[in-house]
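Trainee: Here it is, the structure, as structure tokens.
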Amino acid sequence: MNEIMTKAWYTLISLFVITNYGLLLGGTMARVRAKVQGRIGQPVWQPYIDILKNNFKRTGIYHGVMFYLGPVFRLAGGLGTYLFIPAVYGSLVFSNFSFSGDLLLVMYFIFFGQLGMALGAGQSGHPYSPLGVSRGLAQMTAFEVPFALSVIAIAAQYQTLSITEIVAAQQGGILNWVAFTNPLAMVAGMISFLGMSMGNPFSVVIAPQEIPIGPPTEMQSSFLGMLQTNRAIFNGAKLVLFMNLYFGGATNIWIMVIKTFLIYLYTVIVDASFPRFRTDQSIRFFLGTPALIGIAAVVLQML
Amino acid sequence: MKESNMDGLQTTATETEQQLEDMAKEMRLANDGLLEQDKGYFCDVRPHRVEPYKGIMESFANWARSQSLWILGFGTGCGAIELRPLMTSRFDMYRYGIQARPTPRQSCVFIIGGYASVKTLKRIVRSYEQMQGPKFVLGLGSCTVNGGMYWDSYNTINRIDQYIPVDVYIAGCMPRPEALLGGFIKLKQMIREGKCEGMNKYIDDFDWYKANQKQIIHDWNMPDYNW
Amino acid sequence: MATERQERTIQEVKDSDPVCDAQTGLKFVHVEADQAVAYITRLRDVQGYTHLVFFTAIDYIEDSIFRLTYMVHNYASRQDLGVQVDIPRHGTTMESIHHLWPHAATYQRELKEMFGIDFPGSPGLDDSFILEGWTGIPPMRREFDTKLYSEQTYFPRPGRVTHDTTAYMKEKLYPSEAETW
């Protein structure tokens with residue numbers, strides 16, 4: 001009983017840290033983008049105020065039960081993704097539930113939130129929502145291909161699907177990282193990460209100009225606040241996952257912060273320097289070179 | 001004797017029913033502009049007042065609202081051209097927590113950019129009602145104040161405050177983006193002081209606003225309140 | 001199929017040189033209402049004026065006519081030509097030219113709404129163009145008092161003052177330079 005309580009406390013602490021880290025990271029990166037555009041940019045704490053304001057809205061419109069559940073599923077997807085990844089390797093507090101879940105479960109959770117959101121957005125009845133959802137799911141299916149191939153290559157390399165064991169195998173020096181032992185898998189995975197973070201070449205899903213904001217068109221007030229909170233958690237979870245898979249994980253929280261910051265910075269640099277793909281272009285892109293790199297990584301492991 | 005008593009009871013019963021029905025009708029909107037088969041698709045509940053929180057809670061909420069102003073990206077007139085420079089590095093509205101949102105559901109500031117023709121006013125009313133409260137309106141340019149240079153036109157309204165409540169006016173034709181930023185800072189100050197209750201004002205004077213709107217929008221083919 | 005009389009007039013119009021505006025270089029031709037469409041068809045098909053630039057009407061209430069102006073353009077010679085047609089203000093009907101240029105239907109829809117000129121057969125003629133649900137007289141006809149309508153309809157803000165520009169400038173802004181105005 002006592003153990004369970006301790007674990008629950010650790011989980012809450014871990015969630016609290018990742019939420020705040022995700023929000024601050026989002027604010028910082030908005031400022032980095034602003035600097036690229038020659039602006040001063042919003043305050044770093046702007047995401048907090050936005051969430052507060054959305055939750056302080058006096059009215060909210062709901063369109064049915066699924067509309068309520070959409071953000072809940074999204075949040076469940078974000079939490080599920082994060083809670084089955086060890087944020088800090090070997091730490092009691094931040095290893096989460098990584099002993100009970102493996103890479104395939106995490107990949108499923110990444111998809112789960114989007115599907116739940118699709119149901120919720122569908123019930124809002126706004127034509128732009130399904131349009132955004134269909135774009136999102138099409139693009140997601142495309143970038144899952146190089147990502148899955150990259151995961152298969154890593155699983156073949158270490159003969160395991162457990163993230164903790166993959167991180168454990170990468171300890172003991174920078175040359176043990178997957179980025180150096182299996183560079184092709186790293187390249188395929190990091191390209192698909194661009195699609196996953198919906199940065200600029202692949203930002204047509206939430207395309208603010210052509211279809212207002214995509215899936216969450218009808219989401220307002222506290223629904224939107226919930227989605228924004230989830231975006232912070234989900235961002236943190238994805239960054240931690242990719243750090244664990246390709247860059248040797250982290251043995252303490254400061255290393256985690258540095259590594260995830262650099263991974264995020266990489267997506268922001270790409271985001272700030274490229275124009276946007278159309279959906280069909282991004283699908284063709286993911287099924288082209290990145291998928292071939294992924295296949296090459298798998299084949300090299302099988303040889 | 002007995003029969004007449006029964007009659008009396010029945011009439012009182014029907015009268016109370018009638019009263020109840022009338023009361024229920026008063027609480028509902030007529031939605032006369034809609035076709036009979038379309039009425040089922042739209043909500044006919046009257047909008048209701050939402051009281052602000054009390055004391056420090058409301059002050060805190062107002063501070064958060066004033067620091068995160070999301071403007072509706074709906075350029076209603078020529079003044080919309082002054083909104084674009086706000087995003088650029090020269091004026092950079094993001095510094096003040098101002099962002100543009102493409103959907104009325106998520107935005108809380110509506111900028112009436114200059115003249116509003118009757119056709120646009122219909123869309124303004126729809127968009128304004130779809131925004132979730134508390135919501136604020138900035139009247140940009142002289143046309144929103146008194147009609148400006150279009151004051152004697154057959155098709156542009158003279159005063160936007162007859163149709164939706166306005167919090168801050170920015171006079172000029174056209175006001176520069178600096179003036180717009182000044183208006184935003186004034187709006188922030190007013191929100192923090194708790195003076196921007198336009199949403200409740202609209203609901204309190206709902207019938208007056210609706211009468212004004214319907215007086216000039218002749219083809220009213222939308223519900224009386226766009227939830 | 002133009003009638004014999006129309007054919008004759010077209011020949012006459014073709015032979016006579018169009019009136020050229022000295023300032024703008026625009027050329028204008030004045031055509032009778034019943035021959036206008038045949039003439040414009042000839043301009044389009046034979047003389048190379050393939051582009052309808054605009055199509056508008058002017059209200060000459062003193063002469064009780066509407067003057068329709070069809071502005072066409074010849075890409076080969078880079079020449080604009082305005083075809084002017086006078087039609088009576090009351091019971092106004094004009095032949096439609098939407099079969100020559102599909103986008104003319106939009107101009108005709110606008111003219112129907114703003115001036116009340118009827119173009120039988122033009123598609124979507126009675127759809128509202130800008131004024132949705134307008135019931136009064138068409139607002140671009142000059143007997144329509146737009147100031148009076150605006151004052152009665154749009155809640156003018158009390159206290160609005162209109163200054164005479166010259167006098168106001170003299171008084172307020174440039175007292176010394178007002179003489180040069």
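Chain identifiers are assigned as A, B, and so on, following the order in which chains appear in the structure tokens; residues are numbered from 1 within each chain, and ligands are numbered from 1 in order of appearance.
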What's around Phe193 (chain A) at 10 Å? Count only C-alpha atoms, leave out sequence neighbours fewer than 3 positions away in its own chain, and write the answer as a list in words.
Mentor: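 The residues satisfying every condition are Phe143, Glu144, Pro146, Phe147, Val187, Ala188, Gly189, Met190, Met196, Ser197, Met198, Gly199, Lys238, Leu239, Phe242, Ile263, Tyr264 and Thr267 of chain A.
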Trainee: Give the strand (DSSP E) residues of chain C, as assigned by DSSP on the backbone, as a PyMOL selection string.
Mentor: chain C and resi 19-20+27-31+51-60+65-74+79-88
Trainee: Please, which residues of chain A lie no more than 12 Å from chain B when the count uses only C-alpha atoms, and can they be set out as a ChimeraX atom specification?
Mentor: /A:27,30-31,33-63,124-126,128-129,206-225
Trainee: At what distance in Å, to one decimal, does CA of Tyr163 (chain B) lie from CA of Trp208 (chain B)?
Mentor: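 Separating CA of Trp208 (chain B) from CA of Tyr163 (chain B) is a distance of 8.7 Å.
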Trainee: What residues in chain C lie within 12 Å of chain B, counting only C-alpha atoms, written as a VMD selection string?
Mentor: chain C and resid 114 128 to 141 144 to 162
